[in-house]
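Quick look at input32.txt (compact mmCIF, C-alpha atoms):
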```
# COMPACT_ATOMS: atom_id res chain seq x y z
CA MET A 1 7.18 -21.42 11.45
CA LEU A 2 4.48 -20.29 13.88
CA GLU A 3 1.83 -21.64 11.54
CA MET A 4 3.53 -25.03 11.28
CA ALA A 5 4.08 -25.19 15.04
CA GLY A 6 0.44 -24.33 15.79
CA VAL A 7 1.41 -21.25 17.77
CA PRO A 8 -1.17 -18.41 17.66
CA TYR A 9 0.13 -15.13 16.23
CA THR A 10 -1.16 -11.74 15.14
CA GLY A 11 -1.45 -10.66 11.53
CA SER A 12 -1.91 -12.27 8.16
CA SER A 13 -1.30 -15.91 7.34
CA PRO A 14 1.49 -17.01 4.97
CA LEU A 15 -1.13 -16.88 2.20
CA GLY A 16 -2.15 -13.33 3.01
CA CYS A 17 1.47 -12.21 3.33
CA GLY A 18 2.37 -13.77 -0.01
CA LEU A 19 -0.59 -12.21 -1.82
CA ALA A 20 -0.13 -8.74 -0.35
CA ILE A 21 3.63 -8.48 -0.90
CA ASP A 22 3.26 -9.43 -4.59
CA LYS A 23 2.11 -6.14 -6.13
CA VAL A 24 1.01 -7.75 -9.38
CA ILE A 25 -1.15 -10.40 -7.71
CA THR A 26 -2.57 -7.71 -5.41
CA LYS A 27 -3.58 -5.56 -8.38
CA ARG A 28 -5.17 -8.47 -10.21
CA LEU A 29 -7.11 -9.59 -7.13
CA ILE A 30 -8.47 -6.15 -6.33
CA ARG A 31 -9.37 -5.44 -9.95
CA ASP A 32 -11.39 -8.65 -9.96
CA ALA A 33 -13.13 -7.30 -6.84
CA GLY A 34 -14.01 -4.07 -8.63
CA VAL A 35 -11.38 -1.94 -6.87
CA PRO A 36 -9.68 0.74 -9.05
CA THR A 37 -5.89 0.56 -9.34
CA PRO A 38 -3.49 2.29 -11.77
CA ASN A 39 -2.95 0.67 -15.18
CA PHE A 40 0.22 -1.41 -15.24
CA ARG A 41 2.50 -3.76 -17.13
CA LEU A 42 4.82 -6.48 -15.82
CA MET A 43 8.14 -6.22 -17.64
CA ARG A 44 11.24 -8.44 -17.70
CA ARG A 45 13.12 -6.51 -20.39
CA GLY A 46 13.28 -2.82 -21.10
CA THR A 47 12.54 -3.40 -24.77
CA GLU A 48 9.07 -4.81 -24.15
CA SER A 49 6.05 -2.82 -25.26
CA THR A 50 4.32 -0.63 -22.70
CA GLY A 51 1.07 -0.92 -24.61
CA ASP A 52 -1.32 1.91 -23.76
CA LEU A 53 0.41 3.03 -20.55
CA ARG A 54 0.54 6.80 -20.15
CA PHE A 55 3.70 8.53 -18.93
CA PRO A 56 4.98 9.40 -16.41
CA VAL A 57 5.18 5.95 -14.85
CA VAL A 58 6.53 4.42 -11.67
CA VAL A 59 8.87 1.42 -11.93
CA LYS A 60 9.40 -0.82 -8.92
CA PRO A 61 10.22 -4.44 -8.06
CA ARG A 62 7.26 -6.80 -8.14
CA ARG A 63 7.80 -7.91 -4.52
CA GLU A 64 9.14 -5.14 -2.29
CA TYR A 65 7.96 -2.60 0.26
CA ASN A 66 8.68 0.85 1.70
CA SER A 67 9.50 2.35 -1.73
CA ARG A 68 12.62 0.21 -2.07
CA GLY A 69 13.75 0.19 -5.69
CA LEU A 70 11.10 2.70 -6.80
CA GLN A 71 12.01 4.81 -9.83
CA PHE A 72 10.05 7.68 -11.38
CA VAL A 73 10.19 7.72 -15.19
CA HIS A 74 9.03 10.78 -17.12
CA GLU A 75 9.33 9.55 -20.70
CA PRO A 76 9.66 6.33 -22.74
CA ALA A 77 13.35 6.91 -23.48
CA GLN A 78 14.17 6.45 -19.77
CA LEU A 79 12.12 3.31 -19.29
CA ARG A 80 14.51 0.70 -20.69
CA GLN A 81 17.26 1.52 -18.22
CA ALA A 82 14.83 1.75 -15.30
CA VAL A 83 13.40 -1.71 -16.01
CA GLU A 84 16.82 -3.28 -16.48
CA VAL A 85 18.10 -1.72 -13.24
CA THR A 86 15.11 -3.14 -11.36
CA VAL A 87 15.46 -6.62 -12.85
CA THR A 88 19.24 -6.72 -12.31
CA GLN A 89 19.43 -5.27 -8.81
CA SER A 90 16.35 -6.93 -7.32
CA ALA A 91 16.36 -10.20 -9.31
CA GLN A 92 12.64 -9.59 -9.84
CA ASP A 93 10.33 -8.58 -12.64
CA ALA A 94 9.55 -4.87 -12.85
CA LEU A 95 6.07 -3.52 -12.19
CA VAL A 96 5.51 -0.49 -14.42
CA GLU A 97 2.38 1.47 -13.53
CA GLU A 98 0.92 4.82 -14.44
CA TYR A 99 1.75 7.57 -11.98
CA ILE A 100 -1.32 9.11 -10.38
CA GLU A 101 -0.80 12.79 -9.63
CA GLY A 102 -2.93 13.82 -6.68
CA ARG A 103 -3.58 13.38 -2.99
CA GLU A 104 -2.18 10.37 -1.12
CA ILE A 105 -4.31 8.76 1.57
CA THR A 106 -3.60 5.83 3.87
CA VAL A 107 -6.39 3.80 5.43
CA ALA A 108 -5.70 1.80 8.59
CA LEU A 109 -7.87 -1.28 9.10
CA LEU A 110 -8.34 -3.31 12.24
CA GLY A 111 -10.21 -6.55 12.80
CA ASN A 112 -11.64 -9.42 10.79
CA GLY A 113 -15.00 -9.87 9.11
CA GLU A 114 -16.60 -6.49 9.77
CA LEU A 115 -13.54 -4.25 9.97
CA GLU A 116 -12.93 -1.14 12.03
CA VAL A 117 -11.70 1.63 9.73
CA LEU A 118 -9.54 4.09 11.64
CA PRO A 119 -9.47 7.82 10.74
CA LEU A 120 -7.93 8.41 7.32
CA VAL A 121 -4.44 9.91 7.05
CA GLU A 122 -3.28 12.21 4.25
CA LYS A 123 0.35 12.73 3.30
CA ASP A 124 1.00 16.40 2.52
CA PHE A 125 3.99 16.69 0.17
CA GLY A 126 3.97 20.47 0.35
CA GLY A 127 5.65 22.18 -2.58
CA ARG A 128 7.50 19.15 -3.94
CA GLU A 129 7.39 18.92 -7.73
CA THR A 130 6.54 15.22 -7.59
CA HIS A 131 4.27 13.86 -4.90
CA THR A 132 6.21 10.66 -4.41
CA ALA A 133 9.51 9.62 -2.87
CA THR A 134 11.99 6.87 -3.65
CA TRP A 135 13.76 4.94 -0.89
CA GLN A 136 16.80 7.19 -1.39
CA ASP A 137 14.65 10.33 -1.22
CA LYS A 138 13.26 9.25 2.14
CA GLY A 139 16.77 9.28 3.57
CA ARG A 140 17.56 12.85 2.52
CA MET A 141 14.24 14.69 2.34
CA ALA A 142 12.00 15.94 5.08
CA ALA A 143 9.19 13.50 5.72
CA ALA A 144 5.82 14.37 4.26
CA GLN A 145 3.52 15.94 6.82
CA ARG A 146 0.67 13.68 7.92
CA ILE A 147 -2.82 15.09 8.40
CA CYS A 148 -5.30 13.06 10.43
CA PRO A 149 -8.17 13.01 9.99
CA ALA A 150 -7.75 13.74 6.29
CA ARG A 151 -9.83 16.68 5.04
CA LEU A 152 -12.24 14.83 2.78
CA GLY A 153 -15.93 15.00 2.08
CA SER A 154 -18.17 12.34 3.58
CA ASN A 155 -18.98 10.66 0.24
CA LEU A 156 -15.31 10.36 -0.75
CA THR A 157 -14.40 9.16 2.73
CA THR A 158 -17.01 6.42 2.54
CA MET A 159 -15.77 5.38 -0.92
CA LEU A 160 -12.16 5.14 0.30
CA GLN A 161 -13.24 3.13 3.33
CA ASP A 162 -15.26 0.71 1.19
CA ILE A 163 -12.54 0.03 -1.38
CA SER A 164 -9.95 -0.36 1.38
CA VAL A 165 -12.08 -2.99 3.11
CA ALA A 166 -12.60 -4.75 -0.24
CA THR A 167 -8.82 -4.73 -0.78
CA PHE A 168 -8.21 -6.23 2.68
CA HIS A 169 -10.61 -9.11 2.01
CA ALA A 170 -9.46 -9.70 -1.59
CA CYS A 171 -5.87 -10.15 -0.38
CA GLN A 172 -6.84 -12.49 2.49
CA CYS A 173 -5.39 -10.18 5.16
CA ARG A 174 -6.07 -10.65 8.86
CA ASP A 175 -6.20 -8.57 12.05
CA PHE A 176 -4.66 -5.31 10.81
CA ALA A 177 -3.35 -3.75 7.60
CA ARG A 178 -2.88 -0.42 5.84
CA VAL A 179 -4.10 0.47 2.35
CA ASP A 180 -2.32 3.20 0.35
CA LEU A 181 -4.34 5.16 -2.21
CA ARG A 182 -4.11 8.12 -4.55
CA ILE A 183 -6.96 10.45 -5.52
CA ASP A 184 -6.45 11.99 -8.96
CA ARG A 185 -7.41 15.54 -9.90
CA SER A 186 -10.88 14.45 -11.01
CA GLY A 187 -11.56 12.88 -7.60
CA GLN A 188 -11.12 9.25 -8.73
CA PRO A 189 -9.40 7.06 -6.12
CA PHE A 190 -6.87 4.35 -6.99
CA VAL A 191 -5.43 1.71 -4.65
CA LEU A 192 -1.64 1.58 -4.95
CA GLU A 193 -1.00 -1.33 -2.58
CA ILE A 194 -1.83 -2.92 0.74
CA ASN A 195 0.66 -3.37 3.56
CA HIS A 196 -0.23 -6.55 5.43
CA ASP A 197 2.23 -5.73 8.23
CA PRO A 198 2.22 -1.93 8.62
CA SER A 199 4.75 -0.20 10.81
CA LEU A 200 3.73 0.26 14.43
CA ALA A 201 6.51 2.77 15.07
CA VAL A 202 5.31 5.66 17.22
CA GLY A 203 5.35 8.12 14.30
CA ALA A 204 3.86 5.78 11.70
CA SER A 205 0.62 6.49 9.85
CA TYR A 206 -1.13 3.47 11.38
CA VAL A 207 -0.34 4.59 14.93
CA LEU A 208 -1.36 8.18 14.11
CA ALA A 209 -4.74 6.94 12.85
CA ALA A 210 -5.21 4.83 15.98
CA ARG A 211 -4.24 7.72 18.25
CA THR A 212 -6.77 9.97 16.47
CA ALA A 213 -9.40 7.28 17.10
CA GLY A 214 -8.63 7.46 20.83
CA HIS A 215 -6.13 4.63 21.27
CA SER A 216 -2.95 4.90 23.26
CA PHE A 217 -0.05 2.87 21.90
CA SER A 218 -0.62 0.14 24.49
CA SER A 219 -4.37 0.01 23.87
CA LEU A 220 -3.73 -0.33 20.13
CA VAL A 221 -1.38 -3.27 20.71
CA ASN A 222 -3.90 -4.84 23.07
CA ARG A 223 -6.68 -4.34 20.51
CA ILE A 224 -4.63 -6.15 17.85
CA LEU A 225 -4.02 -8.98 20.31
CA ASP A 226 -7.72 -9.05 21.08
CA VAL A 227 -8.88 -9.36 17.46
CA ALA A 228 -6.32 -12.14 16.87
CA HIS A 229 -7.45 -13.95 20.03
CA THR A 230 -11.07 -13.71 18.87
CA ARG A 231 -10.11 -15.10 15.46
CA TYR A 232 -8.44 -18.12 17.07
CA PHE A 233 -10.71 -18.81 20.01
CA GLY A 234 -13.97 -17.02 19.22
CA ILE A 235 -13.83 -14.74 22.24
CA GLY A 236 -11.92 -11.58 23.09
CA THR A 237 -9.38 -11.28 25.88
CA GLY A 238 -11.37 -8.54 27.59
```

Could you express the structure from this file as structure tokens?
Amino acid sequence: MLEMAGVPYTGSSPLGCGLAIDKVITKRLIRDAGVPTPNFRLMRRGTESTGDLRFPVVVKPRREYNSRGLQFVHEPAQLRQAVEVTVTQSAQDALVEEYIEGREITVALLGNGELEVLPLVEKDFGGRETHTATWQDKGRMAAAQRICPARLGSNLTTMLQDISVATFHACQCRDFARVDLRIDRSGQPFVLEINHDPSLAVGASYVLAARTAGHSFSSLVNRILDVAHTRYFGIGTG
């Protein structure tokens, strides 16, 4: 509505929002840009072939966020029900992707064109058997500890920054976004998804990254306003 009314706003356009919220389109776009992402299949029925996918896998609605509808499937015998539950309950196709065991990193991005990459955040799942959480798990489990800046070597940090920036541009995002990645046990990173409208709650990963970079909450909000103002009018607000 803001776009149609010609009212300036912060964040991604309808195009960027639509691309980023569709996990399948996101994965295809970033693969075309040379960004690694877990192998996947789009399934409408639980009886379809999984091809060469390796188990365990994660099953989730094609267009959803915040782990809503996410299911962890250990073996092929469980997959049919998981896919059918997703399709029935969400009225969407199911994205089935290989689970990447390893470290989880979030990368907060700010700006347009040449992006500012805020300090990386790592989620520490502690002694949990599986380093992932469904929407239901988040309601009953202690939140994963967040470490910022993440303890990573300089080469790996640069690689994560570069593929996050490439993901932002491939998905036509604007102003600010957060990229979620996994690093497997061999050190290979994989982009899981991009959040075109990351939470700005005080305890959120994006705000933690900004605070580590020296922003207060108000200065972060003003910085987002500033990059949007520059995008519209070619000059910052000062």

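With only C-alpha atoms as the atoms that count, the minimum distance from A:Arg28 to the choices A:Val107, A:Val202, A:Val87, A:Leu42 is reached by A:Leu42.
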
Checklist line | Distance query A:Asp226 at most 12 Å, only C-alpha atoms, self and fewer than 4 positions along chain excluded, as an MDAnalysis selection string | finding: chainID A and resid 8:11 110:112 175:176 219:222 230:238

Set up a box along x, y and z of the file covering all listed atoms of stretch 16-25 of chain A, add 8 Å on every one of the six sides, and write the centre and edge lengths in Å to one decimal, as AutoDock Vina command-line options.
```
--center_x 0.7 --center_y -10.0 --center_z -3.0 --size_x 21.8 --size_y 23.6 --size_z 28.7
```

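Among the candidates A:Arg151, A:Arg63, A:Arg223, A:Arg182, the residue lying nearest to A:Ser164 is A:Arg182 (atoms considered: all atoms listed in the file).
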
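With distances restricted to all atoms listed in the file, A:Pro119 is the closest residue to A:Pro149 from A:Pro61, A:Gly203, A:Pro119, A:Gly46.
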
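Atom CA of A:Val227 lies 29.7 Å from atom CA of A:Gly153.
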
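Distances from A:Ser67, A:Ser218, A:Thr106, A:Thr50 to A:Arg80 were compared using all atoms listed in the file, and the smallest one belongs to A:Thr50.
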
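Between atom CA of A:Arg185 and atom CA of A:Glu101 lies a distance of 7.2 Å.
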
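Distance annotation: of A:Ala177, A:Ala108, A:Val165, A:Leu156, the residue with the minimal separation from A:Arg211 is A:Ala108; atom set is only C-alpha atoms.
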
Margin query: Give me, as a ChimeraX atom specification, all polymer residues having an atom no more than 9 Å from A:Ala166, counting all atoms listed in the file and skipping those fewer than 2 positions away in the same chain.
Written below: /A:30,33-35,161-164,168-171

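Using only C-alpha atoms, the contacts of A:Leu181 at a cut-off of 6 Å, with sequence neighbours closer than 6 positions omitted, comprise Glu104, Ile105, Phe190, Val191 and Leu192 of chain A.
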
Next item on the list: Quick one: pull the distance between atom CA of A:Gly113 and atom CA of A:Ser13, Å, one decimal.
Entry: 15.1 Å

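Minimum atom-to-atom distance to A:Tyr65, evaluated using only C-alpha atoms, belongs to A:Asn195 out of A:Gln89, A:Asn195, A:Ser186, A:Thr47.
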
Selected stretch 82-215 of chain A, written as a compact mmCIF listing (two decimals), in the first residue's frame, C-alpha atoms:
```txt
# COMPACT_ATOMS: atom_id res chain seq x y z
CA ALA A 82 5.88 -34.91 7.57
CA VAL A 83 5.27 -33.73 4.00
CA GLU A 84 1.54 -34.38 4.17
CA VAL A 85 1.25 -32.54 7.51
CA THR A 86 3.03 -29.53 6.00
CA VAL A 87 0.90 -29.47 2.85
CA THR A 88 -2.35 -29.96 4.77
CA GLN A 89 -1.77 -27.56 7.65
CA SER A 90 -0.04 -24.76 5.74
CA ALA A 91 -1.77 -25.15 2.35
CA GLN A 92 1.72 -24.88 0.83
CA ASP A 93 4.23 -27.13 -0.85
CA ALA A 94 6.86 -28.65 1.44
CA LEU A 95 10.52 -27.72 1.18
CA VAL A 96 12.61 -30.77 2.07
CA GLU A 97 16.29 -29.99 2.54
CA GLU A 98 19.30 -31.78 3.90
CA TYR A 99 20.04 -30.99 7.53
CA ILE A 100 23.45 -29.43 8.05
CA GLU A 101 24.95 -30.43 11.38
CA GLY A 102 27.28 -27.73 12.62
CA ARG A 103 27.59 -24.16 13.81
CA GLU A 104 24.79 -21.65 13.14
CA ILE A 105 25.74 -18.08 12.27
CA THR A 106 23.58 -15.05 11.56
CA VAL A 107 24.87 -12.12 9.54
CA ALA A 108 23.21 -8.72 9.92
CA LEU A 109 23.43 -6.43 6.90
CA LEU A 110 22.74 -2.72 6.71
CA GLY A 111 22.62 -0.40 3.73
CA ASN A 112 22.33 -0.60 -0.04
CA GLY A 113 24.95 -0.99 -2.73
CA GLU A 114 28.09 -1.39 -0.64
CA LEU A 115 26.67 -2.95 2.53
CA GLU A 116 27.78 -2.60 6.12
CA VAL A 117 28.22 -6.08 7.60
CA LEU A 118 27.66 -6.00 11.36
CA PRO A 119 29.58 -8.35 13.71
CA LEU A 120 28.60 -11.97 13.18
CA VAL A 121 26.43 -13.75 15.76
CA GLU A 122 26.67 -17.44 16.62
CA LYS A 123 23.87 -19.45 18.21
CA ASP A 124 25.26 -21.82 20.84
CA PHE A 125 22.88 -24.77 21.27
CA GLY A 126 24.90 -26.17 24.16
CA GLY A 127 24.38 -29.87 24.76
CA ARG A 128 21.22 -30.29 22.69
CA GLU A 129 21.21 -33.46 20.61
CA THR A 130 19.99 -31.59 17.55
CA HIS A 131 21.18 -28.08 16.82
CA THR A 132 17.84 -26.84 15.58
CA ALA A 133 14.48 -25.94 17.06
CA THR A 134 10.93 -26.13 15.78
CA TRP A 135 8.39 -23.39 16.52
CA GLN A 136 7.00 -25.56 19.33
CA ASP A 137 10.48 -26.15 20.76
CA LYS A 138 11.07 -22.40 20.97
CA GLY A 139 8.10 -22.09 23.30
CA ARG A 140 9.32 -24.69 25.79
CA MET A 141 13.11 -24.74 25.54
CA ALA A 142 15.66 -22.27 26.79
CA ALA A 143 16.75 -19.97 24.01
CA ALA A 144 20.08 -20.72 22.40
CA GLN A 145 22.85 -18.53 23.77
CA ARG A 146 24.08 -15.90 21.32
CA ILE A 147 27.78 -15.15 21.01
CA CYS A 148 28.81 -11.88 19.36
CA PRO A 149 31.22 -11.49 17.79
CA ALA A 150 31.27 -15.13 16.71
CA ARG A 151 34.59 -16.88 17.32
CA LEU A 152 35.67 -17.46 13.74
CA GLY A 153 38.90 -17.17 11.84
CA SER A 154 39.40 -14.17 9.57
CA ASN A 155 39.22 -16.17 6.32
CA LEU A 156 35.94 -17.87 7.29
CA THR A 157 34.52 -14.59 8.53
CA THR A 158 35.28 -12.93 5.20
CA MET A 159 33.70 -15.84 3.31
CA LEU A 160 30.51 -15.63 5.38
CA GLN A 161 30.34 -11.87 4.87
CA ASP A 162 30.80 -12.20 1.11
CA ILE A 163 28.14 -14.88 0.59
CA SER A 164 25.72 -12.99 2.84
CA VAL A 165 26.13 -9.84 0.76
CA ALA A 166 25.66 -11.89 -2.42
CA THR A 167 22.46 -13.36 -0.94
CA PHE A 168 21.13 -9.89 -0.08
CA HIS A 169 21.66 -8.65 -3.64
CA ALA A 170 20.39 -11.84 -5.32
CA CYS A 171 17.10 -11.54 -3.41
CA GLN A 172 16.67 -7.82 -4.18
CA CYS A 173 16.65 -6.83 -0.51
CA ARG A 174 16.96 -3.23 0.66
CA ASP A 175 18.15 -1.27 3.70
CA PHE A 176 18.56 -4.12 6.21
CA ALA A 177 18.29 -7.90 6.39
CA ARG A 178 19.66 -10.93 8.22
CA VAL A 179 21.18 -14.03 6.61
CA ASP A 180 21.12 -17.37 8.48
CA LEU A 181 23.89 -19.87 7.74
CA ARG A 182 25.27 -23.20 8.90
CA ILE A 183 28.93 -24.27 8.84
CA ASP A 184 29.32 -28.04 8.54
CA ARG A 185 32.02 -30.07 10.27
CA SER A 186 34.39 -29.68 7.33
CA GLY A 187 34.12 -25.88 7.52
CA GLN A 188 31.84 -25.47 4.48
CA PRO A 189 29.21 -22.74 4.92
CA PHE A 190 25.63 -23.04 3.64
CA VAL A 191 23.01 -20.29 3.49
CA LEU A 192 19.72 -21.49 4.98
CA GLU A 193 17.63 -18.39 4.28
CA ILE A 194 17.48 -14.62 4.35
CA ASN A 195 15.11 -12.63 6.53
CA HIS A 196 14.18 -9.45 4.69
CA ASP A 197 12.50 -8.00 7.80
CA PRO A 198 14.52 -9.23 10.79
CA SER A 199 13.27 -8.70 14.31
CA LEU A 200 14.35 -5.47 15.96
CA ALA A 201 13.32 -6.68 19.41
CA VAL A 202 15.85 -5.69 22.06
CA GLY A 203 17.13 -9.26 22.47
CA ALA A 204 17.17 -10.17 18.77
CA SER A 205 20.32 -11.22 16.91
CA TYR A 206 20.20 -8.18 14.63
CA VAL A 207 20.10 -5.76 17.55
CA LEU A 208 22.86 -7.68 19.35
CA ALA A 209 25.08 -7.38 16.26
CA ALA A 210 24.35 -3.66 16.01
CA ARG A 211 25.05 -3.14 19.71
CA THR A 212 28.39 -4.95 19.36
CA ALA A 213 29.20 -2.60 16.46
CA GLY A 214 28.62 0.38 18.78
CA HIS A 215 25.00 1.27 18.04
```
